[in-house]
Amino acid sequence: AATGQTKNILQKVDDLLAQAGASKSDLLTASIWLKHIERDFKDMNTVWNGWLDPDNKPVRATVSADMARPPILVEIQVTAAEPEN
């Protein structure tokens, strides 16, 4: 569940970054919220680390949080630098 949600979110992030002419290599910061951090951190982190550009890791904060709707297990917010042209 958290693994699938993380994969879906990161695909959306890839799509939005591409629309802006950027990529995950341009990430500066990331904030991640997990509904069940004790249960889901390892699975989310495995997906996250597999997706990241290992040479350009953003500063990240990961916290436990209640979500707006019960089915939501993961939320991710990123900030990227404007790509150099």
# chains A, B, ... in the order shown; residues from 1 in each chain; ligands from 1
$ residues_around --residues "A:Ala61" --least-positions-apart "4" --cutoff "8 Å" --atoms "only C-alpha atoms" --output "list in words"
Ala30, Ser31 and Ile32 of chain A
$ residues_around --residues "A:Leu27" --least-positions-apart "4" --cutoff "10 Å" --atoms "only C-alpha atoms" --output "ChimeraX atom specification"
/A:17,22-23,52-53,56-59,78-83
$ select_by_dssp --residues "chain A" --states "strand (DSSP E)" --output "CSV table (one decimal) with all heavy atoms, in the first residue's frame"
chain,number,residue,atom,x,y,z
A,27,LEU,N,16.2,18.5,-7.7
A,27,LEU,CA,15.6,18.7,-6.4
A,27,LEU,C,16.5,19.3,-5.4
A,27,LEU,O,17.7,19.0,-5.3
A,27,LEU,CB,15.1,17.3,-5.9
A,27,LEU,CG,14.0,16.6,-6.7
A,27,LEU,CD1,13.7,15.3,-6.0
A,27,LEU,CD2,12.8,17.4,-6.8
A,28,LEU,N,15.9,20.2,-4.6
A,28,LEU,CA,16.6,20.9,-3.5
A,28,LEU,C,16.1,20.3,-2.2
A,28,LEU,O,16.9,20.1,-1.3
A,28,LEU,CB,16.4,22.4,-3.6
A,28,LEU,CG,16.9,23.1,-4.8
A,28,LEU,CD1,16.4,24.6,-4.8
A,28,LEU,CD2,18.4,23.0,-4.9
A,29,THR,N,14.8,20.2,-2.0
A,29,THR,CA,14.2,19.8,-0.8
A,29,THR,C,13.1,18.8,-1.0
A,29,THR,O,12.4,18.8,-2.1
A,29,THR,CB,13.7,20.9,0.1
A,29,THR,OG1,12.6,21.5,-0.6
A,29,THR,CG2,14.8,22.0,0.4
A,30,ALA,N,12.8,18.0,0.0
A,30,ALA,CA,11.6,17.1,0.0
A,30,ALA,C,11.1,17.0,1.4
A,30,ALA,O,11.8,16.9,2.3
A,30,ALA,CB,12.0,15.7,-0.5
A,31,SER,N,9.8,17.0,1.5
A,31,SER,CA,9.1,16.8,2.7
A,31,SER,C,8.2,15.6,2.5
A,31,SER,O,7.4,15.5,1.5
A,31,SER,CB,8.2,18.0,3.1
A,31,SER,OG,9.0,19.1,3.4
A,32,ILE,N,8.2,14.6,3.4
A,32,ILE,CA,7.4,13.4,3.3
A,32,ILE,C,6.7,13.2,4.5
A,32,ILE,O,7.2,13.3,5.6
A,32,ILE,CB,8.3,12.2,3.0
A,32,ILE,CG1,9.2,12.4,1.7
A,32,ILE,CG2,7.5,10.9,2.9
A,32,ILE,CD1,10.2,11.3,1.4
A,33,TRP,N,5.4,12.9,4.4
A,33,TRP,CA,4.5,12.7,5.5
A,33,TRP,C,4.0,11.2,5.4
A,33,TRP,O,3.6,10.8,4.3
A,33,TRP,CB,3.3,13.6,5.5
A,33,TRP,CG,3.7,15.0,5.7
A,33,TRP,CD1,3.7,15.7,6.9
A,33,TRP,CD2,4.0,16.0,4.7
A,33,TRP,NE1,4.1,17.0,6.7
A,33,TRP,CE2,4.3,17.2,5.3
A,33,TRP,CE3,4.1,15.9,3.3
A,33,TRP,CZ2,4.6,18.4,4.6
A,33,TRP,CZ3,4.5,17.1,2.6
A,33,TRP,CH2,4.7,18.3,3.3
A,34,LEU,N,4.1,10.5,6.5
A,34,LEU,CA,3.6,9.1,6.5
A,34,LEU,C,2.6,8.9,7.6
A,34,LEU,O,2.7,9.4,8.7
A,34,LEU,CB,4.8,8.1,6.8
A,34,LEU,CG,5.8,8.0,5.7
A,34,LEU,CD1,7.0,7.2,6.2
A,34,LEU,CD2,5.3,7.4,4.5
A,59,VAL,N,17.8,17.7,0.4
A,59,VAL,CA,17.6,17.7,1.9
A,59,VAL,C,16.1,17.2,2.1
A,59,VAL,O,15.2,17.6,1.4
A,59,VAL,CB,17.7,19.1,2.4
A,59,VAL,CG1,17.3,19.2,3.9
A,59,VAL,CG2,19.1,19.7,2.2
A,60,ARG,N,16.0,16.3,3.1
A,60,ARG,CA,14.7,15.7,3.2
A,60,ARG,C,14.3,15.6,4.7
A,60,ARG,O,15.1,15.4,5.6
A,60,ARG,CB,14.7,14.2,2.7
A,60,ARG,CG,13.4,13.5,2.8
A,60,ARG,CD,13.5,12.1,2.4
A,60,ARG,NE,13.8,11.2,3.5
A,60,ARG,CZ,13.9,9.9,3.5
A,60,ARG,NH1,13.8,9.3,2.3
A,60,ARG,NH2,14.1,9.2,4.6
A,61,ALA,N,13.0,15.9,4.9
A,61,ALA,CA,12.4,15.7,6.2
A,61,ALA,C,11.2,14.7,6.1
A,61,ALA,O,10.5,14.7,5.1
A,61,ALA,CB,11.8,17.0,6.8
A,62,THR,N,11.2,13.7,7.0
A,62,THR,CA,10.1,12.7,6.9
A,62,THR,C,9.5,12.6,8.3
A,62,THR,O,10.2,12.4,9.3
A,62,THR,CB,10.7,11.3,6.6
A,62,THR,OG1,11.4,11.4,5.3
A,62,THR,CG2,9.5,10.3,6.4
A,63,VAL,N,8.2,12.8,8.4
A,63,VAL,CA,7.5,12.8,9.6
A,63,VAL,C,6.2,12.0,9.6
A,63,VAL,O,5.7,11.7,8.5
A,63,VAL,CB,7.1,14.3,10.1
A,63,VAL,CG1,8.4,15.1,10.3
A,63,VAL,CG2,6.2,15.0,9.1
A,64,SER,N,5.7,11.7,10.7
A,64,SER,CA,4.4,11.0,10.9
A,64,SER,C,3.3,12.1,10.9
A,64,SER,O,3.5,13.1,11.6
A,64,SER,CB,4.4,10.2,12.2
A,64,SER,OG,3.1,9.6,12.3
A,74,VAL,N,0.8,8.2,2.3
A,74,VAL,CA,2.0,8.9,2.0
A,74,VAL,C,1.7,10.2,1.2
A,74,VAL,O,0.8,10.2,0.3
A,74,VAL,CB,2.9,8.1,1.0
A,74,VAL,CG1,4.2,8.8,0.7
A,74,VAL,CG2,3.2,6.7,1.6
A,75,GLU,N,2.3,11.3,1.6
A,75,GLU,CA,2.3,12.5,0.8
A,75,GLU,C,3.8,13.0,0.7
A,75,GLU,O,4.5,12.9,1.6
A,75,GLU,CB,1.5,13.6,1.5
A,75,GLU,CG,0.0,13.3,1.5
A,75,GLU,CD,-0.9,14.4,1.8
A,75,GLU,OE1,-0.4,15.5,2.1
A,75,GLU,OE2,-2.1,14.3,1.9
A,76,ILE,N,4.1,13.5,-0.5
A,76,ILE,CA,5.5,14.0,-0.7
A,76,ILE,C,5.4,15.4,-1.4
A,76,ILE,O,4.6,15.5,-2.4
A,76,ILE,CB,6.2,13.0,-1.6
A,76,ILE,CG1,6.3,11.6,-1.0
A,76,ILE,CG2,7.6,13.6,-2.0
A,76,ILE,CD1,7.0,10.6,-1.8
A,77,GLN,N,6.2,16.3,-0.9
A,77,GLN,CA,6.3,17.6,-1.5
A,77,GLN,C,7.7,17.9,-1.8
A,77,GLN,O,8.6,17.6,-1.0
A,77,GLN,CB,5.8,18.7,-0.6
A,77,GLN,CG,5.9,20.1,-1.1
A,77,GLN,CD,5.5,21.1,0.0
A,77,GLN,OE1,5.6,20.9,1.2
A,77,GLN,NE2,4.9,22.2,-0.5
A,78,VAL,N,8.0,18.3,-3.1
A,78,VAL,CA,9.4,18.6,-3.4
A,78,VAL,C,9.5,20.0,-3.9
A,78,VAL,O,8.6,20.6,-4.4
A,78,VAL,CB,10.0,17.6,-4.5
A,78,VAL,CG1,9.9,16.2,-4.0
A,78,VAL,CG2,9.2,17.8,-5.8
A,79,THR,N,10.8,20.6,-3.8
A,79,THR,CA,11.1,21.9,-4.4
A,79,THR,C,12.3,21.6,-5.3
A,79,THR,O,13.3,20.9,-4.8
A,79,THR,CB,11.5,22.9,-3.3
A,79,THR,OG1,10.3,23.0,-2.5
A,79,THR,CG2,11.8,24.2,-4.0
A,80,ALA,N,12.3,22.1,-6.5
A,80,ALA,CA,13.4,21.9,-7.4
A,80,ALA,C,14.0,23.3,-7.8
A,80,ALA,O,13.3,24.3,-7.9
A,80,ALA,CB,12.9,21.2,-8.7
$ residues_around --residues "A:Asn8" --least-positions-apart "3" --cutoff "12 Å" --atoms "only C-alpha atoms" --output "PyMOL selection string"
chain A and resi 1-5+11-15+44+47-48+51+72-76
$ write_last_selection --atoms "C-alpha atoms" --output "PDB file, in the first residue's frame"
ATOM      1  CA  ALA A   1       0.000   0.000   0.000  1.00  0.00           C
ATOM      2  CA  ALA A   2       2.624   2.582   1.013  1.00  0.00           C
ATOM      3  CA  THR A   3       4.992   1.200  -1.631  1.00  0.00           C
ATOM      4  CA  GLY A   4       2.391   1.632  -4.381  1.00  0.00           C
ATOM      5  CA  GLN A   5       1.393   5.101  -3.204  1.00  0.00           C
ATOM      6  CA  GLN A  11       5.707   9.197 -11.116  1.00  0.00           C
ATOM      7  CA  LYS A  12       3.565  12.331 -10.712  1.00  0.00           C
ATOM      8  CA  VAL A  13       6.629  14.225  -9.471  1.00  0.00           C
ATOM      9  CA  ASP A  14       8.588  13.057 -12.535  1.00  0.00           C
ATOM     10  CA  ASP A  15       5.757  14.218 -14.806  1.00  0.00           C
ATOM     11  CA  MET A  44       8.670   4.133   1.383  1.00  0.00           C
ATOM     12  CA  VAL A  47      11.212   3.208  -3.191  1.00  0.00           C
ATOM     13  CA  TRP A  48      12.475   6.765  -2.539  1.00  0.00           C
ATOM     14  CA  TRP A  51      14.119   6.691  -7.458  1.00  0.00           C
ATOM     15  CA  ILE A  72      -3.866   8.323   2.093  1.00  0.00           C
ATOM     16  CA  LEU A  73      -0.716   6.767   3.559  1.00  0.00           C
ATOM     17  CA  VAL A  74       2.005   8.916   1.952  1.00  0.00           C
ATOM     18  CA  GLU A  75       2.324  12.531   0.849  1.00  0.00           C
ATOM     19  CA  ILE A  76       5.452  14.000  -0.737  1.00  0.00           C
TER      20      ILE A  76
END
$ select_by_dssp --residues "stretch 8-46 of chain A" --states "alpha helix (DSSP H)" --output "list in words"
Asn8, Ile9, Leu10, Gln11, Lys12, Val13, Asp14, Asp15, Leu16, Leu17, Ala18, Gln19, Ile37, Glu38, Arg39, Asp40, Phe41, Lys42, Asp43, Met44, Asn45 and Thr46 of chain A
$ closest_residue --among "A:Asp55, A:Glu84, A:Arg39, A:Lys7" --to "A:Gly21" --atoms "only C-alpha atoms"
A:Glu84
$ atom_distance --atom1 "atom CA of A:Glu38" --atom2 "atom CA of A:Thr6"
15.6 Å
$ atom_distance --atom1 "atom CA of A:Leu10" --atom2 "atom CA of A:Phe41"
15.4 Å
$ decode --residues "stretch 30-69 of chain A" --atoms "C-alpha atoms" --output "PDB file, in the first residue's frame"
ATOM      1  CA  ALA A  30      11.647  17.103  -0.034  1.00  0.00           C
ATOM      2  CA  SER A  31       9.070  16.757   2.718  1.00  0.00           C
ATOM      3  CA  ILE A  32       7.449  13.376   3.253  1.00  0.00           C
ATOM      4  CA  TRP A  33       4.485  12.657   5.501  1.00  0.00           C
ATOM      5  CA  LEU A  34       3.603   9.088   6.501  1.00  0.00           C
ATOM      6  CA  LYS A  35       0.387   8.063   8.195  1.00  0.00           C
ATOM      7  CA  HIS A  36       2.050   5.033   9.829  1.00  0.00           C
ATOM      8  CA  ILE A  37       5.738   5.935  10.011  1.00  0.00           C
ATOM      9  CA  GLU A  38       6.754   2.948  12.125  1.00  0.00           C
ATOM     10  CA  ARG A  39       5.110   0.513   9.706  1.00  0.00           C
ATOM     11  CA  ASP A  40       5.729   2.188   6.341  1.00  0.00           C
ATOM     12  CA  PHE A  41       9.029   4.074   6.585  1.00  0.00           C
ATOM     13  CA  LYS A  42      11.219   1.201   5.365  1.00  0.00           C
ATOM     14  CA  ASP A  43       9.049   0.452   2.304  1.00  0.00           C
ATOM     15  CA  MET A  44       8.670   4.133   1.383  1.00  0.00           C
ATOM     16  CA  ASN A  45      12.391   4.745   1.893  1.00  0.00           C
ATOM     17  CA  THR A  46      13.335   1.798  -0.351  1.00  0.00           C
ATOM     18  CA  VAL A  47      11.212   3.208  -3.191  1.00  0.00           C
ATOM     19  CA  TRP A  48      12.475   6.765  -2.539  1.00  0.00           C
ATOM     20  CA  ASN A  49      16.150   5.760  -2.545  1.00  0.00           C
ATOM     21  CA  GLY A  50      15.688   3.703  -5.706  1.00  0.00           C
ATOM     22  CA  TRP A  51      14.119   6.691  -7.458  1.00  0.00           C
ATOM     23  CA  LEU A  52      16.576   9.408  -6.388  1.00  0.00           C
ATOM     24  CA  ASP A  53      19.504  10.617  -8.437  1.00  0.00           C
ATOM     25  CA  PRO A  54      22.288   9.328  -6.142  1.00  0.00           C
ATOM     26  CA  ASP A  55      24.534  12.258  -7.122  1.00  0.00           C
ATOM     27  CA  ASN A  56      21.905  14.922  -6.335  1.00  0.00           C
ATOM     28  CA  LYS A  57      20.025  13.999  -3.186  1.00  0.00           C
ATOM     29  CA  PRO A  58      17.776  16.742  -1.790  1.00  0.00           C
ATOM     30  CA  VAL A  59      17.553  17.708   1.858  1.00  0.00           C
ATOM     31  CA  ARG A  60      14.667  15.654   3.234  1.00  0.00           C
ATOM     32  CA  ALA A  61      12.375  15.661   6.237  1.00  0.00           C
ATOM     33  CA  THR A  62      10.111  12.676   6.931  1.00  0.00           C
ATOM     34  CA  VAL A  63       7.474  12.838   9.642  1.00  0.00           C
ATOM     35  CA  SER A  64       4.398  11.023  10.877  1.00  0.00           C
ATOM     36  CA  ALA A  65       1.107  12.814  10.250  1.00  0.00           C
ATOM     37  CA  ASP A  66      -2.633  12.331  10.209  1.00  0.00           C
ATOM     38  CA  MET A  67      -3.901  12.580   6.649  1.00  0.00           C
ATOM     39  CA  ALA A  68      -6.937  14.381   5.261  1.00  0.00           C
ATOM     40  CA  ARG A  69      -8.520  11.126   4.043  1.00  0.00           C
TER      41      ARG A  69
END
